[in-house]
Amino acid sequence: MAAKASDTTRTKFLLDEKDIPSKWYNIQADLKTPAPPVLHPGTGQPIGPQDLAPLFPMELIKQEVSQTRWIEIPDEVRDILKLWRPSPLFRARRLEKALGTPARIYYKYEGVSPAGSHKPNTAVAQAYYNKKEKVTRLSTETGAGQWGSALALASQLFGLQCKVYMVKVSYQQKPYRRIMMETWGAQVVASPSPDTQAGKKILEQDPNSPGSLGIAISEAVEDAATRDDTKYSLGSVLNHVLMHQTVIGLEAKKQLEKADDEADVVIGCAGGGSNFAGLSFPFAADKLTKKKKTRIIAVEPTACPSLTKGKYTYDFGDTVGMTPLVKMHTLGHGFVPAPLHAGGLRYHGMAPLVCKLYDEGVIEAVAVPQLATFQAALQFARTEGIIPAPESAHAIKVAIDEALRCKKSGKREAILFNLSGHGHFDLGAYEAFLAGKLQDYEYPAAKIEEALRGVPKVKV
Ligand SMILES: *Cc1c(COP(=O)(O)O)cnc(C)c1O
């Protein structure tokens with residue numbers, strides 16, 4: 001068990017701007033066996049850098065496959081990160097007291113970024129490398145709008161144009177994220193849109209299509225693939241995205257040192273896996289290279305349980321079946337998740353690097369239901385003050401469960417979780433919960449099996 005924190009009153013552990021990490025941590029260097037290759041959807045053969053060149057700048061393609069443990073963060077990127085980094089580490093003293101736990105609970109708060117989540121950490125890096133390689137315009141998709149707003153901000157800061165294909169239901173029901181993106185200068189269209197062939201085709205079949213993340217991805221990819229000035233940007237799942245987020249965990253380690261403490265349990269919610277990886281990979285490094293015993297837990301919703309109920313196999317990254325095939329825990333690319341309020345956790349797959357660590361037993365995973373998650377969010381808001389994003393509340397729920405386990409056993413463990421964002425644009429979900437209108441979604445095993453039948457058969 002870790003050393004006991006000596007400071008008995010401190011609530012925030014802060015770092016100086018000079019403590020912003022100067023390098024990203026690349027966990028690919030420390031894996032027991034190399035990550036499985038990404039395959040071409042047509043040939044089934046491993047893809048090369050040239051296959052990705054129409055969509056991504058070369059530096060990001062290199063980072064995607066790099067085996068170098070530490071990769072320098074460019075000064076231009078660190079300069080912008082200074083707008084919100086280092087982010088604070090809080091000791092949740094009031095929550096601990098309310099729970100009556102002997103455990104120490106810490107949370108790393110990423111809601112201090114202008115977009116209100118961890119996503120700008122990678123958006124800034126991606127915009128930078130595109131700018132450096134003379135790209136003038138970025139395209140992307142967004143569901144609820146968290147990723148779109150992060151990329152809109154980063155594009156503006158580097159003088160790039162940004163086009164966001166926003167899933168039509170969200171575009172209509174959640175105008176505030178759209179207005180944020182427009183305030184930062186992005187062009188936002190409801191997807192399916194008449195601006196792409198993919199969008200036109202769907203609108204012909206169904207003019208009232210509500211859209212989906214899969215359709216929006218198809219549109220954004222087509223936009224980038226058919227224009228010389230434009231590249232595509234993705235907010236999670238990919239190796240380089242996860243790596244850009246490791247500034248979170250690297251800072252948290254320094255902050256725990258300041259607290260004279262060491263994490264026994266590290267927790268993050270996992271949609272595509274980026275905020276979870278960002279906090280936990282620097283801790284996983286110590287498990288892989290120094291035989292540390294830290295428990296690392298990824299939390300997903302029972303309505304979209306890719307790690308805990310999915311199959312570890314090759315599948316498409318999108319719903320339409322256009323992207324390369326990646327080996328991951330998947331519910332099947334045809335899986336349509338329930339209308340869960342944690343929009344960021346509704347992806348059918350999971351970052352391949354997170355899946356690899358899960359497969360190797362380096363990390364654990366647990367699925368939690370929606371109502372209990374909102375109950376945890378409320379308890380957190382009423383003790384610690386911050387109203388969490390529904391996604392982040394999944395991590396809170398498990399942090400509370402772990403603290404209650406410590407209460408039962410009398411163990412004085414240190415629990416660290418990632419508070420990936422605030423919930424200021426999710427108050428509709430809180431309203432529904434407070435009015436008793438939210439429900440739990442358990443995904444029937446038969447439905448998962450059905451979606452898994454659509455997974456392509458690949459022999460490697
Ligand atoms: C997008 C988002 C997530 C889920 O994405 P990951 O890539 O799994 O981190 C979680 N929390 C917040 C606040 C988000 O905006």
# chains A, B, ... in the order shown; residues from 1 in each chain; ligands from 1
>>> residues_near_ligand(ligand="ligand 1", cutoff="7 Å", atoms="only C-alpha atoms and all ligand atoms", output="PyMOL selection string")
chain A and resi 117-119+146-147+235-237+269-276+344-345+389+391-392+420-422
>>> select_by_dssp(residues="segment 69-211 of chain A", states="strand (DSSP E)", output="ChimeraX atom specification")
/A:70-72,89-91,104-109,137-142,161-167,187-191
>>> write_last_selection(atoms="N, CA and C atoms", output="mmCIF file, in the first residue's frame")
data_model
loop_
_atom_site.group_PDB
_atom_site.id
_atom_site.type_symbol
_atom_site.label_atom_id
_atom_site.label_comp_id
_atom_site.auth_asym_id
_atom_site.auth_seq_id
_atom_site.Cartn_x
_atom_site.Cartn_y
_atom_site.Cartn_z
ATOM 1 N N TRP A 70 9.588 8.230 -25.687
ATOM 2 C CA TRP A 70 9.267 9.627 -25.379
ATOM 3 C C TRP A 70 9.322 10.456 -26.662
ATOM 4 N N ILE A 71 8.299 11.235 -26.928
ATOM 5 C CA ILE A 71 8.258 12.062 -28.129
ATOM 6 C C ILE A 71 8.081 13.525 -27.719
ATOM 7 N N GLU A 72 9.025 14.337 -28.196
ATOM 8 C CA GLU A 72 9.094 15.754 -27.851
ATOM 9 C C GLU A 72 7.775 16.494 -28.174
ATOM 10 N N LEU A 89 -4.966 19.033 -9.700
ATOM 11 C CA LEU A 89 -5.321 17.754 -9.065
ATOM 12 C C LEU A 89 -5.991 18.103 -7.741
ATOM 13 N N PHE A 90 -7.165 17.569 -7.536
ATOM 14 C CA PHE A 90 -7.907 17.851 -6.301
ATOM 15 C C PHE A 90 -7.899 16.628 -5.390
ATOM 16 N N ARG A 91 -7.848 16.867 -4.109
ATOM 17 C CA ARG A 91 -8.157 15.816 -3.129
ATOM 18 C C ARG A 91 -9.626 16.004 -2.747
ATOM 19 N N ARG A 104 -8.144 7.685 0.324
ATOM 20 C CA ARG A 104 -7.907 9.048 -0.152
ATOM 21 C C ARG A 104 -8.308 9.095 -1.618
ATOM 22 N N ILE A 105 -9.186 10.047 -1.971
ATOM 23 C CA ILE A 105 -9.677 10.148 -3.349
ATOM 24 C C ILE A 105 -9.092 11.404 -3.993
ATOM 25 N N TYR A 106 -8.479 11.239 -5.146
ATOM 26 C CA TYR A 106 -7.939 12.367 -5.913
ATOM 27 C C TYR A 106 -8.595 12.408 -7.283
ATOM 28 N N TYR A 107 -8.825 13.626 -7.802
ATOM 29 C CA TYR A 107 -9.267 13.689 -9.201
ATOM 30 C C TYR A 107 -8.490 14.747 -9.967
ATOM 31 N N LYS A 108 -8.153 14.380 -11.190
ATOM 32 C CA LYS A 108 -7.459 15.274 -12.110
ATOM 33 C C LYS A 108 -8.548 15.930 -12.945
ATOM 34 N N TYR A 109 -8.610 17.272 -12.930
ATOM 35 C CA TYR A 109 -9.744 17.960 -13.556
ATOM 36 C C TYR A 109 -9.383 18.563 -14.908
ATOM 37 N N ARG A 137 -7.021 23.455 -44.020
ATOM 38 C CA ARG A 137 -8.409 23.213 -43.630
ATOM 39 C C ARG A 137 -8.546 21.809 -43.034
ATOM 40 N N LEU A 138 -9.319 21.688 -41.949
ATOM 41 C CA LEU A 138 -9.538 20.384 -41.309
ATOM 42 C C LEU A 138 -11.019 20.016 -41.370
ATOM 43 N N SER A 139 -11.289 18.737 -41.550
ATOM 44 C CA SER A 139 -12.676 18.268 -41.470
ATOM 45 C C SER A 139 -12.774 17.249 -40.347
ATOM 46 N N THR A 140 -13.922 17.220 -39.715
ATOM 47 C CA THR A 140 -14.138 16.218 -38.668
ATOM 48 C C THR A 140 -15.623 16.007 -38.459
ATOM 49 N N GLU A 141 -15.943 14.980 -37.646
ATOM 50 C CA GLU A 141 -17.333 14.742 -37.272
ATOM 51 C C GLU A 141 -17.469 15.011 -35.788
ATOM 52 N N THR A 142 -18.690 15.251 -35.352
ATOM 53 C CA THR A 142 -18.900 15.360 -33.910
ATOM 54 C C THR A 142 -20.298 14.861 -33.592
ATOM 55 N N GLN A 161 -8.942 26.685 -41.319
ATOM 56 C CA GLN A 161 -10.392 26.562 -41.425
ATOM 57 C C GLN A 161 -10.801 25.207 -40.865
ATOM 58 N N CYS A 162 -12.039 25.126 -40.393
ATOM 59 C CA CYS A 162 -12.500 23.877 -39.773
ATOM 60 C C CYS A 162 -13.941 23.621 -40.178
ATOM 61 N N LYS A 163 -14.171 22.454 -40.732
ATOM 62 C CA LYS A 163 -15.550 22.082 -41.068
ATOM 63 C C LYS A 163 -15.984 20.888 -40.242
ATOM 64 N N VAL A 164 -17.103 21.049 -39.542
ATOM 65 C CA VAL A 164 -17.570 20.008 -38.634
ATOM 66 C C VAL A 164 -18.905 19.442 -39.120
ATOM 67 N N TYR A 165 -18.942 18.143 -39.327
ATOM 68 C CA TYR A 165 -20.184 17.443 -39.644
ATOM 69 C C TYR A 165 -20.784 16.962 -38.336
ATOM 70 N N MET A 166 -21.879 17.602 -37.938
ATOM 71 C CA MET A 166 -22.473 17.310 -36.628
ATOM 72 C C MET A 166 -23.733 16.456 -36.818
ATOM 73 N N VAL A 167 -23.793 15.360 -36.112
ATOM 74 C CA VAL A 167 -24.952 14.457 -36.204
ATOM 75 C C VAL A 167 -26.248 15.272 -36.054
ATOM 76 N N GLN A 187 -17.109 26.076 -39.439
ATOM 77 C CA GLN A 187 -18.357 25.915 -40.186
ATOM 78 C C GLN A 187 -18.983 24.595 -39.746
ATOM 79 N N VAL A 188 -20.228 24.645 -39.310
ATOM 80 C CA VAL A 188 -20.889 23.450 -38.799
ATOM 81 C C VAL A 188 -22.103 23.131 -39.666
ATOM 82 N N VAL A 189 -22.205 21.883 -40.137
ATOM 83 C CA VAL A 189 -23.401 21.477 -40.872
ATOM 84 C C VAL A 189 -24.007 20.248 -40.211
ATOM 85 N N ALA A 190 -25.338 20.142 -40.360
ATOM 86 C CA ALA A 190 -26.025 18.961 -39.841
ATOM 87 C C ALA A 190 -25.763 17.797 -40.790
ATOM 88 N N SER A 191 -25.405 16.644 -40.210
ATOM 89 C CA SER A 191 -25.101 15.454 -41.007
ATOM 90 C C SER A 191 -26.220 14.422 -40.842
#
>>> residues_around(residues="segment 380-384 of chain A", least_positions_apart="4", cutoff="10 Å", atoms="only C-alpha atoms", output="ChimeraX atom specification")
/A:90-98,374-376,388,393,396-397,400
>>> closest_residue(among="A:Arg78, A:Lys32, A:Lys231, A:Lys174", to="Met58 of chain A", atoms="only C-alpha atoms")
A:Lys231
>>> residues_around(residues="Phe425 of chain A", least_positions_apart="5", cutoff="12 Å", atoms="only C-alpha atoms", output="tab-separated table (two decimals) with C-alpha atoms, in the first residue's frame")
chain	number	residue	atom	x	y	z
A	111	GLY	CA	-12.76	20.61	-17.43
A	115	ALA	CA	-13.86	23.58	-24.46
A	116	GLY	CA	-14.49	22.05	-21.02
A	117	SER	CA	-12.85	18.65	-21.51
A	144	ALA	CA	-22.75	15.82	-29.01
A	145	GLY	CA	-20.16	18.43	-30.00
A	146	GLN	CA	-17.32	18.01	-27.51
A	149	SER	CA	-15.63	22.35	-30.24
A	170	SER	CA	-27.55	16.75	-31.81
A	173	GLN	CA	-31.35	19.31	-29.93
A	174	LYS	CA	-28.08	20.72	-28.59
A	175	PRO	CA	-27.51	24.15	-30.17
A	176	TYR	CA	-25.02	25.41	-27.57
A	177	ARG	CA	-22.11	23.22	-28.67
A	178	ARG	CA	-22.77	24.32	-32.28
A	179	ILE	CA	-22.74	27.96	-31.23
A	180	MET	CA	-19.42	27.39	-29.42
A	341	HIS	CA	-26.86	10.63	-22.11
A	342	ALA	CA	-23.12	10.05	-21.96
A	343	GLY	CA	-22.80	10.72	-25.71
A	387	ILE	CA	-21.06	19.31	-12.04
A	388	PRO	CA	-19.40	16.51	-14.01
A	389	ALA	CA	-19.95	15.53	-17.63
A	390	PRO	CA	-22.11	12.38	-17.73
A	430	TYR	CA	-29.50	16.29	-15.27
A	431	GLU	CA	-33.00	17.72	-15.63
>>> closest_residue(among="A:Ala365, A:Ala263, A:Ala395, A:Leu153", to="Thr183 of chain A", atoms="only C-alpha atoms")
A:Leu153
>>> residues_around(residues="segment 10-18 of chain A", least_positions_apart="2", cutoff="9 Å", atoms="only C-alpha atoms", output="PyMOL selection string")
chain A and resi 7-8+20-22+82+85-93+251+254-256+258-259
>>> select_by_dssp(residues="segment 23-194 of chain A", states="helix (DSSP H, G or I)", output="number ranges by chain")
A: 27-30, 49-52, 58-65, 75-81, 93-99, 120-132, 146-157, 168-173, 175-183
>>> residues_around(residues="segment 66-68 of chain A", least_positions_apart="6", cutoff="9 Å", atoms="only C-alpha atoms", output="mmCIF file with N, CA and C atoms, in the first residue's frame")
data_model
loop_
_atom_site.group_PDB
_atom_site.id
_atom_site.type_symbol
_atom_site.label_atom_id
_atom_site.label_comp_id
_atom_site.auth_asym_id
_atom_site.auth_seq_id
_atom_site.Cartn_x
_atom_site.Cartn_y
_atom_site.Cartn_z
ATOM 1 N N TYR A 25 4.324 10.440 -23.585
ATOM 2 C CA TYR A 25 4.725 9.062 -23.326
ATOM 3 C C TYR A 25 4.050 8.130 -24.347
ATOM 4 N N ASN A 26 4.843 7.359 -25.035
ATOM 5 C CA ASN A 26 4.342 6.410 -26.035
ATOM 6 C C ASN A 26 4.425 4.988 -25.487
ATOM 7 N N ILE A 27 3.285 4.452 -25.103
ATOM 8 C CA ILE A 27 3.271 3.136 -24.433
ATOM 9 C C ILE A 27 3.641 1.993 -25.373
ATOM 10 N N GLN A 28 3.615 2.269 -26.687
ATOM 11 C CA GLN A 28 3.979 1.207 -27.647
ATOM 12 C C GLN A 28 5.398 0.688 -27.390
ATOM 13 N N ALA A 29 6.239 1.566 -26.828
ATOM 14 C CA ALA A 29 7.628 1.165 -26.554
ATOM 15 C C ALA A 29 7.715 0.112 -25.448
ATOM 16 N N ASP A 30 6.699 0.040 -24.600
ATOM 17 C CA ASP A 30 6.775 -0.834 -23.425
ATOM 18 C C ASP A 30 5.815 -2.022 -23.458
ATOM 19 N N HIS A 240 -1.915 7.932 -31.750
ATOM 20 C CA HIS A 240 -1.319 9.254 -31.514
ATOM 21 C C HIS A 240 -2.223 10.137 -30.652
#
>>> decode(residues="segment 84-121 of chain A", atoms="N, CA and C atoms", output="CSV table (one decimal), in the first residue's frame")
chain,number,residue,atom,x,y,z
A,84,TRP,N,-4.5,26.3,-20.3
A,84,TRP,CA,-5.2,25.6,-19.3
A,84,TRP,C,-4.4,24.6,-18.5
A,85,ARG,N,-3.2,24.3,-19.0
A,85,ARG,CA,-2.3,23.4,-18.3
A,85,ARG,C,-1.3,24.1,-17.4
A,86,PRO,N,-0.7,23.5,-16.4
A,86,PRO,CA,-1.1,22.2,-15.9
A,86,PRO,C,-2.5,22.2,-15.3
A,87,SER,N,-3.3,21.2,-15.4
A,87,SER,CA,-4.6,21.2,-14.9
A,87,SER,C,-4.5,20.8,-13.4
A,88,PRO,N,-5.5,21.2,-12.6
A,88,PRO,CA,-5.3,20.9,-11.1
A,88,PRO,C,-5.6,19.5,-10.8
A,89,LEU,N,-5.0,19.0,-9.7
A,89,LEU,CA,-5.3,17.8,-9.1
A,89,LEU,C,-6.0,18.1,-7.7
A,90,PHE,N,-7.2,17.6,-7.5
A,90,PHE,CA,-7.9,17.9,-6.3
A,90,PHE,C,-7.9,16.6,-5.4
A,91,ARG,N,-7.8,16.9,-4.1
A,91,ARG,CA,-8.2,15.8,-3.1
A,91,ARG,C,-9.6,16.0,-2.7
A,92,ALA,N,-10.4,15.0,-2.9
A,92,ALA,CA,-11.9,15.0,-2.7
A,92,ALA,C,-12.2,14.9,-1.3
A,93,ARG,N,-11.8,15.8,-0.4
A,93,ARG,CA,-11.9,15.6,1.0
A,93,ARG,C,-13.4,15.6,1.4
A,94,ARG,N,-14.2,16.4,0.8
A,94,ARG,CA,-15.6,16.4,1.2
A,94,ARG,C,-16.4,15.2,0.7
A,95,LEU,N,-16.0,14.6,-0.4
A,95,LEU,CA,-16.6,13.4,-0.8
A,95,LEU,C,-16.2,12.2,0.1
A,96,GLU,N,-14.9,12.2,0.4
A,96,GLU,CA,-14.3,11.2,1.3
A,96,GLU,C,-15.1,11.2,2.6
A,97,LYS,N,-15.4,12.4,3.2
A,97,LYS,CA,-16.1,12.5,4.4
A,97,LYS,C,-17.5,12.0,4.3
A,98,ALA,N,-18.2,12.4,3.2
A,98,ALA,CA,-19.5,12.0,3.0
A,98,ALA,C,-19.6,10.5,2.9
A,99,LEU,N,-18.6,9.9,2.4
A,99,LEU,CA,-18.6,8.4,2.2
A,99,LEU,C,-18.2,7.7,3.5
A,100,GLY,N,-17.5,8.4,4.3
A,100,GLY,CA,-16.9,7.8,5.6
A,100,GLY,C,-15.9,6.8,5.3
A,101,THR,N,-15.1,7.1,4.2
A,101,THR,CA,-14.1,6.1,3.8
A,101,THR,C,-12.7,6.5,4.3
A,102,PRO,N,-11.9,5.4,4.6
A,102,PRO,CA,-10.5,5.7,5.0
A,102,PRO,C,-9.6,6.0,3.8
A,103,ALA,N,-10.2,5.7,2.6
A,103,ALA,CA,-9.5,5.9,1.3
A,103,ALA,C,-9.2,7.4,1.0
A,104,ARG,N,-8.1,7.7,0.3
A,104,ARG,CA,-7.9,9.0,-0.2
A,104,ARG,C,-8.3,9.1,-1.6
A,105,ILE,N,-9.2,10.0,-2.0
A,105,ILE,CA,-9.7,10.1,-3.3
A,105,ILE,C,-9.1,11.4,-4.0
A,106,TYR,N,-8.5,11.2,-5.1
A,106,TYR,CA,-7.9,12.4,-5.9
A,106,TYR,C,-8.6,12.4,-7.3
A,107,TYR,N,-8.8,13.6,-7.8
A,107,TYR,CA,-9.3,13.7,-9.2
A,107,TYR,C,-8.5,14.7,-10.0
A,108,LYS,N,-8.2,14.4,-11.2
A,108,LYS,CA,-7.5,15.3,-12.1
A,108,LYS,C,-8.5,15.9,-12.9
A,109,TYR,N,-8.6,17.3,-12.9
A,109,TYR,CA,-9.7,18.0,-13.6
A,109,TYR,C,-9.4,18.6,-14.9
A,110,GLU,N,-9.9,18.0,-16.0
A,110,GLU,CA,-9.6,18.4,-17.3
A,110,GLU,C,-10.7,19.4,-17.8
A,111,GLY,N,-11.7,19.7,-17.0
A,111,GLY,CA,-12.8,20.6,-17.4
A,111,GLY,C,-12.3,22.1,-17.5
A,112,VAL,N,-11.0,22.3,-17.1
A,112,VAL,CA,-10.5,23.7,-17.1
A,112,VAL,C,-10.1,24.2,-18.5
A,113,SER,N,-10.1,23.3,-19.5
A,113,SER,CA,-9.8,23.8,-20.8
A,113,SER,C,-11.0,24.6,-21.4
A,114,PRO,N,-10.7,25.5,-22.4
A,114,PRO,CA,-11.8,26.3,-22.9
A,114,PRO,C,-13.0,25.6,-23.4
A,115,ALA,N,-12.7,24.4,-24.0
A,115,ALA,CA,-13.9,23.6,-24.5
A,115,ALA,C,-14.5,22.8,-23.3
A,116,GLY,N,-13.9,22.7,-22.2
A,116,GLY,CA,-14.5,22.0,-21.0
A,116,GLY,C,-14.2,20.6,-20.9
A,117,SER,N,-13.2,20.1,-21.6
A,117,SER,CA,-12.9,18.6,-21.5
A,117,SER,C,-11.4,18.5,-21.8
A,118,HIS,N,-10.9,17.2,-21.8
A,118,HIS,CA,-9.5,16.9,-22.2
A,118,HIS,C,-9.3,17.0,-23.7
A,119,LYS,N,-10.3,17.0,-24.5
A,119,LYS,CA,-10.1,16.9,-25.9
A,119,LYS,C,-9.2,17.9,-26.6
A,120,PRO,N,-9.1,19.2,-26.1
A,120,PRO,CA,-8.2,20.1,-26.7
A,120,PRO,C,-6.7,19.7,-26.6
A,121,ASN,N,-6.4,18.8,-25.7
A,121,ASN,CA,-5.0,18.4,-25.5
A,121,ASN,C,-4.5,17.8,-26.8
